[in-house]
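Chemist: Got a structure here, written out as structure tokens. Questions coming.
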Amino acid sequence: MNPEKPLEPTRRAWTKASGLAAAGGVIAATGALESCTRPARLQAWAPVSIYRAATYSEELYALVRRIIAEHALDVRGKRVVLKPNLVEFDAHTVINTDPKLVHAALEAFRAAGAADVRIAEGPGHRRVTLDLADASGYFSTVPNFESLFTDLNLDETTRVDFVRPLSKLQSLYLPNTILGCDLLVSMPKLKTHHWTGATLSMKNLFGLVPGGVYGWPKNVLHWAGIPQCIADLHMLFPKTFAIVDGIVGMEGNGPIQGTPRAVGVVVAGASPVAVDATCCRIMGLDPTRIRYLQLTAGEQNLGEDLIPQKGERIESVATDFVVLPEHAGLRLSR
Amino acid sequence: MMLYSEDLLGRQNADGGWSYFRGGSWTEPTCYALMALAASGRGHEVEVRRGMEWLQRCQRPDGGFAPRESVRESTWVTALTLLLPTPTGGSFDRPHAETWTVEQTGRESGWVFRLRLWMLGAGSSADSMSFDGWPWYPGAAAWVGPTALSILALQKMDKRGGGPISRSDLKKRIAQGRGYLLARRCRDGGWNHGSTRALGYDSDSYPETTGLALLALHGLNDPKVRQGVVRGEQQLAVCRSSEGASWLRLGLGAHGRPPLTPPIPNQASDGGKAPVMHGGVMEIAIAALAEAAQAGRNSFLDV
């Protein structure tokens with residue numbers, strides 16, 4: 001398939017897309033907060049870049065500037081929100097996106113002319129997000145962290161109605177910080193996940209759902225179907241840019257109780273589906289068997305040859321992650 | 001305590017409610033701020049009345065409360081309104097809120113889910129599925145936080161008497177909720193959000209949820225509770241969270257542990273291990289409530 005051409009969407013995706021056209025958007029949001037939620041038409045995957053980064057060093061600052069330049073991200077005068085993955089803290093493993101990479105992104109987007117760059121997250125288990133960020137090194141790494149940070153669990157919210165959702169959800173209250181931004185940057189950790197197989201830039205959007213409304217954990221998402229909710233949230237925020245912290249990932253019983261696994265990469269791109277599919281291949285997982293990717297793109301659209309690749313080749317950085325026995329069937333045949 | 005009250009009064013929004021940090025009012029910080037002001041014993045009648053008027057607007061036709069005015073769903077925050085002292089909380093439809101709270105259960109308590117478990121061969125052997133807890137949000141499963149708060153609310157209803165729910169029904173439901181908490185204890189003796197094992201791997205407890213669960217289990221003579229107290233004391237000794245430390249002080253104090261003097265927030269004297277205070281309304285209010293409890297007035301337990 002020519003990546004410059006629109007993808008052949010699944011029947012369900014077409015149904016959704018037609019619905020969008022009719023409704024004038026993926027969603028019918030209350031108010032005018034729509035800059036991040038304006039629907040994108042189905043399009044070819046944007047290129048995915050794989051960069052080597054052995055450690056959380058000062059070199060990351062130059063690396064993220066390079067990512068912004070190579071992906072021609074024009075953020076001049078824009079409001080950018082960086083969404084890391086903060087779940088819990090355990091000094092013995094690597095659960096959260098490393099603060100060094102997030103700070104590097106903050107500085108790089110500022111240098112690229114963004115009017116405002118914020119860091120925002122709404123963890124699913126712990127009530128006091130700032131304590132979690134402190135334990136994870138954000139206060140010591142990011143100067144003035146508290147003034148730059150929005151706890152998405154406690155942010156102002158607007159109700160957003162889904163049009164033909166894949167999940168059982170009909171609507172969600174979502175944080176205005178996210179609904180009002182011009183560019184959302186999903187910055188997950190490269191991890192396996194005990195329910196979804198992998199947790200990457202798309203699953204990271206669960207952190208947008210406000211605990212102040214739905215609780216800790218955001219259990220309504222689980223009952224509505226986890227892969228389906230991931231797909232629905234992706235449809236709400238199709239213009240998300242992804243920067244994945246794969247310098248040290250987590251294998252085994254992720255996203256919390258797994259084991260650190262050094263991979264030494266940062267993966268980035270403007271198509272979260274393509275980024276996640278590439279990350280799966282790096283971890284030795286078959287993206288066509290990951291349910292949320294199937295639902296979002298269709299198995300036939302997840303082929304390696306359909307995703308334009310920049311930088312390192314997947315084979316050169318591939319690191320087979322340990323997976324739980326339940327997920328042995330997700331393994332990629334190399 | 002006076003300093004906490006002054007801080008809270010200065011943070012009250014023009015509409016009468018409180019936000020978590022800044023911005024629009026939410027039910028949860030408003031309830032805790034009102035409880036803390038009441039516990040201060042200093043009156044603040046005007047501010048309390050304005051807070052109650054805001055709160056009243058969040059009560060929905062079904063009797064429950066929305067987490068904020070713009071949300072069209074009653075949630076777990078309803079239990080918090082029932083913890084407010086009666087003179088303060090007299091301006092909303094309390095019986096309706098009580099009925100709403102008692103009627104809530106985790107989705108896993110429903111017969112459909114239990115039948116499914118049985119058909120899958122799991123039956124009710126999963127201990128934690130045998131008790132009715134409370135969800136954060138209607139239609140979801142029960143979790144430790146809302147279950148503990150609802151138990152405390154029902155205990156107050158029982159002590160006050162005269163509500164729409166019979167005392168025997170209240171006692172049954174409290175026992176169910178307490179059974180849930182005991183079943184959801186982590187291996188280390190404390191409590192986390194309510195997921196004690198994920199695919200066979202044990203999860204660790206948190207300070208804030210351990211304190212809250214201990215508070216809801218006050219007066220219960222059970223070895224599991226005593227282990228929880230031990231775990232809570234261990235957590236308090238190393239707790240870096242101001243809010244977590246306050247919850248632990250409340251929980252441990254409810255089990256008759258001697259008054260504990262925690263390190264002063266933001267003033268590390270032992271290698272940076274003092275709790276960090278971020279200035280949120282919740283942490284200020286809960287610190288005030290912990291201090292009041294230590295002085296003999298526990299707003300979660302006393303009527």
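Each chain of the structure tokens is named A, B, ... in the order shown, its residues numbered from 1; ligands are numbered from 1 in display order.
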When DSSP works through the backbone of this structure, what residues of stretch 102-289 of chain B end up as alpha helix (DSSP H), shown as a ChimeraX atom specification?

Modeler: /B:102-103,111-119,144-160,167-183,207-216,223-238,242-254,281-289

Chemist: Please report as a PDB file with C-alpha atoms, in the first residue's frame which residues of chain B come no farther than 7 Å from chain A, using only C-alpha atoms.

Modeler:
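Now in part_30.pdb:
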```
ATOM      1  CA  TYR B  20      -8.961  21.012  44.644  1.00  0.00           C
ATOM      2  CA  GLY B  24     -14.122  25.700  39.706  1.00  0.00           C
ATOM      3  CA  PRO B  67     -18.846  15.593  41.824  1.00  0.00           C
ATOM      4  CA  TRP B 136     -16.766   5.375  42.686  1.00  0.00           C
ATOM      5  CA  TYR B 137     -19.191   5.693  39.822  1.00  0.00           C
ATOM      6  CA  ALA B 140     -18.580   0.136  38.035  1.00  0.00           C
ATOM      7  CA  ALA B 141     -17.030  -2.256  40.563  1.00  0.00           C
ATOM      8  CA  HIS B 193      -7.112   1.217  45.902  1.00  0.00           C
ATOM      9  CA  SER B 241       2.943  12.439  51.528  1.00  0.00           C
TER      10      SER B 241
END
```

Chemist: Could you pull out all residues of stretch 147-241 of chain B with a DSSP call of strand (DSSP E) and give them as a ChimeraX atom specification?

Modeler: /B:197-198,201-202

Chemist: Write a file of the selected residues as a PDB file, in the first residue's frame, keeping C-alpha atoms.

Modeler:
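So the final result, stored in selection24.pdb, reads:
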```pdb
ATOM      1  CA  ARG B 197      -3.599  -9.217  43.303  1.00  0.00           C
ATOM      2  CA  ALA B 198      -3.121  -8.740  39.592  1.00  0.00           C
ATOM      3  CA  TYR B 201       1.046 -11.019  41.718  1.00  0.00           C
ATOM      4  CA  ASP B 202       0.559  -9.296  45.057  1.00  0.00           C
TER       5      ASP B 202
END
```

Chemist: I'd like the interatomic distance between atom CA of B:Glu283 and atom CA of A:Pro255, to a tenth of an Å.

Modeler: 28.1 Å

Chemist: Skip B:Gly51 itself and residues of its chain fewer than 2 positions away, then list as number ranges by chain all residues within 7 Å of it, counting only C-alpha atoms.

Modeler: B: 16-17, 30, 47-49, 53-55

Chemist: Output C-alpha atoms for every residue in the selection just made, as a compact mmCIF listing (two decimals), in the first residue's frame.

Modeler:
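Result went into selection.txt, see below:
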```
# COMPACT_ATOMS: atom_id res chain seq x y z
CA GLY B 16 -19.24 29.25 47.94
CA GLY B 17 -17.52 25.97 47.04
CA THR B 30 -16.01 21.43 49.49
CA GLU B 47 -18.69 30.86 54.90
CA VAL B 48 -20.27 27.57 55.94
CA ARG B 49 -23.69 28.73 54.80
CA GLU B 53 -25.71 26.60 49.40
CA TRP B 54 -23.22 25.63 46.71
CA LEU B 55 -23.36 22.00 47.81
```

Chemist: For A:Gly258, please output as JSON, numbers by chain all residues within 12 Å (counting only C-alpha atoms; exclusion window: fewer than 4 positions along the same chain).

Modeler: {"A": [90, 92, 93, 94, 95, 96, 190, 191, 192, 193, 194, 198, 248, 249, 250, 251, 252, 253, 254, 321, 322, 323, 324], "B": [198, 199, 201, 203]}

Chemist: Might you pull out every residue within 12 Å of A:Leu208, with only C-alpha atoms counted and same-chain residues fewer than 6 positions away left off, and present them as a PyMOL selection string?

Modeler: chain A and resi 81-86+119-124+150-157+172-179+184-186+202+214+218+221+229-230+233-234+236-237

Chemist: Restricted to C-alpha atoms, what would the selected residues look like written as an mmCIF file, in the first residue's frame?

Modeler:
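Okay, this is what ended up in selection02.cif:
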```cif
data_model
loop_
_atom_site.group_PDB
_atom_site.id
_atom_site.type_symbol
_atom_site.label_atom_id
_atom_site.label_comp_id
_atom_site.auth_asym_id
_atom_site.auth_seq_id
_atom_site.Cartn_x
_atom_site.Cartn_y
_atom_site.Cartn_z
ATOM 1 C CA VAL A 81 0.463 19.446 26.470
ATOM 2 C CA LEU A 82 2.952 16.706 27.303
ATOM 3 C CA LYS A 83 1.223 13.640 28.734
ATOM 4 C CA PRO A 84 3.689 11.274 30.427
ATOM 5 C CA ASN A 85 2.644 7.979 31.978
ATOM 6 C CA LEU A 86 2.620 8.150 35.788
ATOM 7 C CA ILE A 119 2.851 18.648 31.608
ATOM 8 C CA ALA A 120 -0.384 16.898 32.511
ATOM 9 C CA GLU A 121 -1.373 13.492 33.828
ATOM 10 C CA GLY A 122 -4.188 11.819 35.750
ATOM 11 C CA PRO A 123 -2.944 8.601 37.369
ATOM 12 C CA GLY A 124 -5.414 5.773 37.832
ATOM 13 C CA THR A 150 -1.935 20.006 35.610
ATOM 14 C CA ASP A 151 -3.463 17.109 37.504
ATOM 15 C CA LEU A 152 -5.936 15.857 34.915
ATOM 16 C CA ASN A 153 -7.868 14.007 37.601
ATOM 17 C CA LEU A 154 -8.851 17.329 39.141
ATOM 18 C CA ASP A 155 -8.990 19.645 36.127
ATOM 19 C CA GLU A 156 -12.035 21.520 34.849
ATOM 20 C CA THR A 157 -14.087 19.199 32.671
ATOM 21 C CA LEU A 172 -17.045 11.059 28.868
ATOM 22 C CA TYR A 173 -16.176 14.093 30.911
ATOM 23 C CA LEU A 174 -12.719 15.162 29.807
ATOM 24 C CA PRO A 175 -10.252 17.760 31.099
ATOM 25 C CA ASN A 176 -10.359 21.201 29.536
ATOM 26 C CA THR A 177 -6.567 21.409 29.542
ATOM 27 C CA ILE A 178 -6.554 18.611 26.990
ATOM 28 C CA LEU A 179 -9.648 19.657 25.043
ATOM 29 C CA LEU A 184 -1.256 16.659 22.683
ATOM 30 C CA VAL A 185 2.000 14.736 23.013
ATOM 31 C CA SER A 186 1.550 11.255 24.428
ATOM 32 C CA MET A 202 -2.780 5.055 22.841
ATOM 33 C CA TYR A 214 -14.849 8.550 37.643
ATOM 34 C CA LYS A 218 -11.234 4.772 36.253
ATOM 35 C CA LEU A 221 -13.374 2.198 31.202
ATOM 36 C CA CYS A 229 -12.103 2.520 25.069
ATOM 37 C CA ILE A 230 -8.526 2.880 23.857
ATOM 38 C CA LEU A 233 -10.127 7.831 23.006
ATOM 39 C CA HIS A 234 -7.830 7.658 20.012
ATOM 40 C CA LEU A 236 -11.227 11.741 20.008
ATOM 41 C CA PHE A 237 -7.593 12.785 19.800
#
```

Chemist: Find the residues near B:Leu215: any atom within 7 Å, counting only C-alpha atoms, skip ones fewer than 6 places away on the same chain, and give them as a PyMOL selection string.

Modeler: chain B and resi 250-251+254

Chemist: Output C-alpha atoms for every residue in that selection, as a compact mmCIF listing (two decimals), in the first residue's frame.

Modeler:
```txt
# COMPACT_ATOMS: atom_id res chain seq x y z
CA LEU B 250 -6.86 9.60 61.41
CA GLY B 251 -6.93 5.84 60.90
CA ALA B 254 -9.37 5.66 65.52
```
